[in-house]
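Trainee: This is the structure, below, for whatever I ask next.
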Amino acid sequence: MSFDRGPATTRPPVALGCFLAAAVAVAIAGVLTFVVVFLDSGANNGRLTLEPAEAYDVGYVEYLSDDNIFLVRLRNGEFVALADMDAANRDAQSRRCRVALVAINEAATAISAETLRSRLSAGAEGSTSVFREACFGAVYDLAGTRLDADGRNLDRHPVGVNSAGRVLVDTSKRDCSERTGTVSSVAVSCSP
């Protein structure tokens with residue numbers, strides 16, 4: 001009794017094996033490139049890479065809604081990135097007392113616009129705009145310094161310029177301060 005085993009099996013052509021190996025190598029390289037670009041873009045690590053510094057004129061204010069910060073270029077050329085809410089309320093998720101840019105004459109506080117102007121910090125002097133907090137009406141200048149009373153200033157995120165001249169904001173860190181009498185900025189702990 002005999003059995004017909006059919007035609008003998010053969011290995012696939014060498015060219016097909018080379019093609020599959022090349023396809024796998026390209027796929028792996030693509031994934032690694034995506035990961036590097038993703039991390040370098042600042043995604044998931046708190047670093048925002050913005051426009052070149054010269055794109056921002058002195059007095060420039062921009063709200064970056066995806067990151068909940070205001071980017072400001074002060075009169076002295078310094079960049080600041082300010083939290084978009086009253087520092088005292090940043091952990092009160094139920095309230096979220098946000099700040100918005102208003103004209104200094106529209107701040108509607110118990111003190112006059114002239115008094116607010118006299119309390120502007122260096123770099124914000126001469127500005128006609130201020131930040132007003134929505135819940136209680138606290139007023140801050142463009143550097144984030146409290147104007148209408150002593151108390152917490154707006155939280156800042158560190159800002160720098162990279163070797164390519166682009167503005168970098170580190171939203172993973174905060175610098176916190178408060179106004180006390182004649183001293184406009186005293187460093188304090190960022191914890192509530």
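In the structure tokens, chains take the letters A, B, ... in the order shown, each chain's residues start at 1, and ligands count up from 1 in the order shown.
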Would you list the contacts of A:Val72 as JSON, numbers by chain, taking every protein, DNA or RNA residue within 8 Å and counting only C-alpha atoms, but skipping same-chain residues closer than 4 positions in sequence?

Mentor: {"A": [59, 60, 61, 62, 79, 80, 81, 82, 142, 143]}

Trainee: Include N, CA, C and O atoms and write out the residues we just selected as a CSV table (one decimal), in the first residue's frame.

Mentor:
```csv
chain,number,residue,atom,x,y,z
A,59,GLY,N,4.5,93.7,25.5
A,59,GLY,CA,3.1,94.0,25.8
A,59,GLY,C,2.1,92.9,25.2
A,59,GLY,O,0.9,93.0,25.4
A,60,TYR,N,2.7,92.0,24.5
A,60,TYR,CA,1.9,90.9,23.9
A,60,TYR,C,1.3,90.0,25.0
A,60,TYR,O,1.9,89.6,26.0
A,61,VAL,N,0.0,89.7,24.8
A,61,VAL,CA,-0.7,88.8,25.8
A,61,VAL,C,-1.5,87.8,24.9
A,61,VAL,O,-2.2,88.1,24.0
A,62,GLU,N,-1.3,86.5,25.2
A,62,GLU,CA,-2.0,85.4,24.5
A,62,GLU,C,-2.5,84.4,25.5
A,62,GLU,O,-1.8,84.0,26.4
A,79,PHE,N,9.5,87.2,29.4
A,79,PHE,CA,8.3,86.5,29.2
A,79,PHE,C,7.8,85.9,30.6
A,79,PHE,O,8.6,85.5,31.4
A,80,VAL,N,6.5,85.9,30.8
A,80,VAL,CA,5.9,85.2,31.9
A,80,VAL,C,4.7,84.4,31.4
A,80,VAL,O,4.1,84.7,30.4
A,81,ALA,N,4.5,83.2,32.0
A,81,ALA,CA,3.4,82.4,31.7
A,81,ALA,C,2.6,82.2,33.0
A,81,ALA,O,3.1,81.7,34.0
A,82,LEU,N,1.4,82.7,33.0
A,82,LEU,CA,0.6,82.8,34.3
A,82,LEU,C,-0.6,81.9,34.2
A,82,LEU,O,-1.2,81.7,33.2
A,142,LEU,N,-0.1,92.5,34.6
A,142,LEU,CA,0.4,91.6,33.5
A,142,LEU,C,1.5,90.7,34.0
A,142,LEU,O,1.9,89.7,33.3
A,143,ALA,N,2.2,91.0,35.1
A,143,ALA,CA,3.2,90.2,35.6
A,143,ALA,C,2.6,89.2,36.6
A,143,ALA,O,3.4,88.4,37.2
```

Trainee: Fewer than 3 positions away in the same chain doesn't count, so skip those; otherwise give me all residues within 8 Å of A:Arg174, counting only C-alpha atoms, as a ChimeraX atom specification.

Mentor: /A:155-158,171,190

Trainee: With all heavy atoms retained, export the selected residues as a PDB file, in the first residue's frame.

Mentor:
```pdb
ATOM      1  N   ASP A 155       0.024  82.302  39.924  1.00  0.00           N
ATOM      2  CA  ASP A 155       1.123  81.344  39.782  1.00  0.00           C
ATOM      3  C   ASP A 155       1.790  81.522  38.423  1.00  0.00           C
ATOM      4  O   ASP A 155       1.124  81.751  37.413  1.00  0.00           O
ATOM      5  CB  ASP A 155       0.603  79.910  39.889  1.00  0.00           C
ATOM      6  CG  ASP A 155       0.061  79.592  41.279  1.00  0.00           C
ATOM      7  OD1 ASP A 155       0.213  80.431  42.188  1.00  0.00           O
ATOM      8  OD2 ASP A 155      -0.504  78.502  41.444  1.00  0.00           O
ATOM      9  N   ARG A 156       3.104  81.371  38.416  1.00  0.00           N
ATOM     10  CA  ARG A 156       3.879  81.441  37.168  1.00  0.00           C
ATOM     11  C   ARG A 156       4.430  80.066  36.821  1.00  0.00           C
ATOM     12  O   ARG A 156       4.758  79.272  37.700  1.00  0.00           O
ATOM     13  CB  ARG A 156       5.066  82.390  37.316  1.00  0.00           C
ATOM     14  CG  ARG A 156       4.747  83.852  37.397  1.00  0.00           C
ATOM     15  CD  ARG A 156       6.053  84.626  37.311  1.00  0.00           C
ATOM     16  NE  ARG A 156       5.867  86.054  37.459  1.00  0.00           N
ATOM     17  CZ  ARG A 156       6.785  86.950  37.117  1.00  0.00           C
ATOM     18  NH1 ARG A 156       7.946  86.538  36.635  1.00  0.00           N
ATOM     19  NH2 ARG A 156       6.548  88.223  37.274  1.00  0.00           N
ATOM     20  N   HIS A 157       4.565  79.825  35.533  1.00  0.00           N
ATOM     21  CA  HIS A 157       5.283  78.652  35.035  1.00  0.00           C
ATOM     22  C   HIS A 157       6.617  79.143  34.476  1.00  0.00           C
ATOM     23  O   HIS A 157       6.662  80.207  33.843  1.00  0.00           O
ATOM     24  CB  HIS A 157       4.492  77.943  33.937  1.00  0.00           C
ATOM     25  CG  HIS A 157       3.163  77.439  34.381  1.00  0.00           C
ATOM     26  ND1 HIS A 157       3.011  76.354  35.214  1.00  0.00           N
ATOM     27  CD2 HIS A 157       1.901  77.881  34.119  1.00  0.00           C
ATOM     28  CE1 HIS A 157       1.734  76.140  35.440  1.00  0.00           C
ATOM     29  NE2 HIS A 157       1.039  77.053  34.795  1.00  0.00           N
ATOM     30  N   PRO A 158       7.713  78.404  34.681  1.00  0.00           N
ATOM     31  CA  PRO A 158       9.011  78.842  34.155  1.00  0.00           C
ATOM     32  C   PRO A 158       8.985  78.984  32.631  1.00  0.00           C
ATOM     33  O   PRO A 158       8.418  78.148  31.928  1.00  0.00           O
ATOM     34  CB  PRO A 158       9.969  77.713  34.574  1.00  0.00           C
ATOM     35  CG  PRO A 158       9.288  77.048  35.729  1.00  0.00           C
ATOM     36  CD  PRO A 158       7.819  77.158  35.457  1.00  0.00           C
ATOM     37  N   THR A 171       5.030  73.729  31.929  1.00  0.00           N
ATOM     38  CA  THR A 171       3.782  73.750  32.687  1.00  0.00           C
ATOM     39  C   THR A 171       3.760  72.715  33.808  1.00  0.00           C
ATOM     40  O   THR A 171       2.807  72.654  34.573  1.00  0.00           O
ATOM     41  CB  THR A 171       2.570  73.513  31.762  1.00  0.00           C
ATOM     42  OG1 THR A 171       2.732  72.262  31.085  1.00  0.00           O
ATOM     43  CG2 THR A 171       2.439  74.630  30.748  1.00  0.00           C
ATOM     44  N   CYS A 190       3.987  76.615  46.918  1.00  0.00           N
ATOM     45  CA  CYS A 190       2.848  76.469  46.014  1.00  0.00           C
ATOM     46  C   CYS A 190       1.756  75.564  46.585  1.00  0.00           C
ATOM     47  O   CYS A 190       0.664  75.509  46.055  1.00  0.00           O
ATOM     48  CB  CYS A 190       3.304  75.922  44.656  1.00  0.00           C
ATOM     49  SG  CYS A 190       4.246  77.106  43.697  1.00  0.00           S
TER      50      CYS A 190
END
```

Trainee: So, counting only C-alpha atoms, which residue among A:Val130, A:Leu154, A:Ala113, A:Leu120 is closest to A:Asp84?

Mentor: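 Distance minimum relative to A:Asp84 lands on A:Leu154.
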
Trainee: I need the residues of stretch 56-109 of chain A that end up classed as strand (DSSP E or B) by DSSP on the backbone, written out as a list in words.

Mentor: Val61, Glu62, Tyr63, Leu64, Ile69, Phe70, Leu71, Val72, Arg73, Phe79, Val80, Ala81, Leu82, Ala83, Met85, Arg98, Val99, Ala100, Leu101, Val102 and Ala103 of chain A

Trainee: When you draw a straight line from atom CA of A:Asp150 to atom CA of A:Arg179, how long is it in Å?

Mentor: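 Straight-line distance from atom CA of A:Asp150 to atom CA of A:Arg179 works out to 5.0 Å.
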
Trainee: Excluding A:Pro52 and residues on its chain fewer than 2 positions from it, collect all residues at most 10 Å away from it, counting only C-alpha atoms, and give them as a ChimeraX atom specification.

Mentor: /A:49-50,54-56,161-162,164-168

Trainee: Under the rule that only C-alpha atoms are counted, which of A:Ser177, A:Ser189, A:Thr115, A:Asn68 is the nearest residue to A:Leu147?

Mentor: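 Distance minimum relative to A:Leu147 lands on A:Thr115.
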
Trainee: Please measure the separation of atom CA of A:Gly160 and atom CA of A:Ser118, giving the value in Å to one decimal.

Mentor: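 These two atoms are separated by 28.7 Å.
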
Trainee: Please, what distance in Å, to one decimal, runs between atom CA of A:Ser65 and atom CA of A:Asp170?

Mentor: 15.3 Å

Trainee: Between A:Leu48, A:Leu74, A:Ala53, A:Ala187, which one has atoms that come closest to A:Gly126, using only C-alpha atoms?

Mentor: A:Leu74

Trainee: Hey, what does DSSP flag as alpha helix (DSSP H) within stretch 68-177 of chain A? Can you give it to me as a PyMOL selection string?

Mentor: chain A and resi 113-118

Trainee: Please, could you write that set of residues out with C-alpha atoms as an mmCIF file, in the first residue's frame?

Mentor:
```
data_model
loop_
_atom_site.group_PDB
_atom_site.id
_atom_site.type_symbol
_atom_site.label_atom_id
_atom_site.label_comp_id
_atom_site.auth_asym_id
_atom_site.auth_seq_id
_atom_site.Cartn_x
_atom_site.Cartn_y
_atom_site.Cartn_z
ATOM 1 C CA ALA A 113 -7.713 102.872 38.470
ATOM 2 C CA GLU A 114 -5.036 105.419 39.421
ATOM 3 C CA THR A 115 -4.237 103.461 42.578
ATOM 4 C CA LEU A 116 -4.046 100.242 40.549
ATOM 5 C CA ARG A 117 -1.644 101.964 38.137
ATOM 6 C CA SER A 118 0.548 103.100 41.021
#
```

Trainee: Just checking: using only C-alpha atoms, which residue out of A:Ser112, A:Ser127, A:Ser172, A:Ser185 ends up closest to A:Thr145?

Mentor: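 Residue with the minimum atom-to-atom distance to A:Thr145: A:Ser185.
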
Trainee: Could you list, as a PyMOL selection string, every residue within 8 Å of stretch 135-139 of chain A, counting only C-alpha atoms and ignoring same-chain residues fewer than 3 positions away?

Mentor: chain A and resi 86+97-98+107-109+130-132+146-149
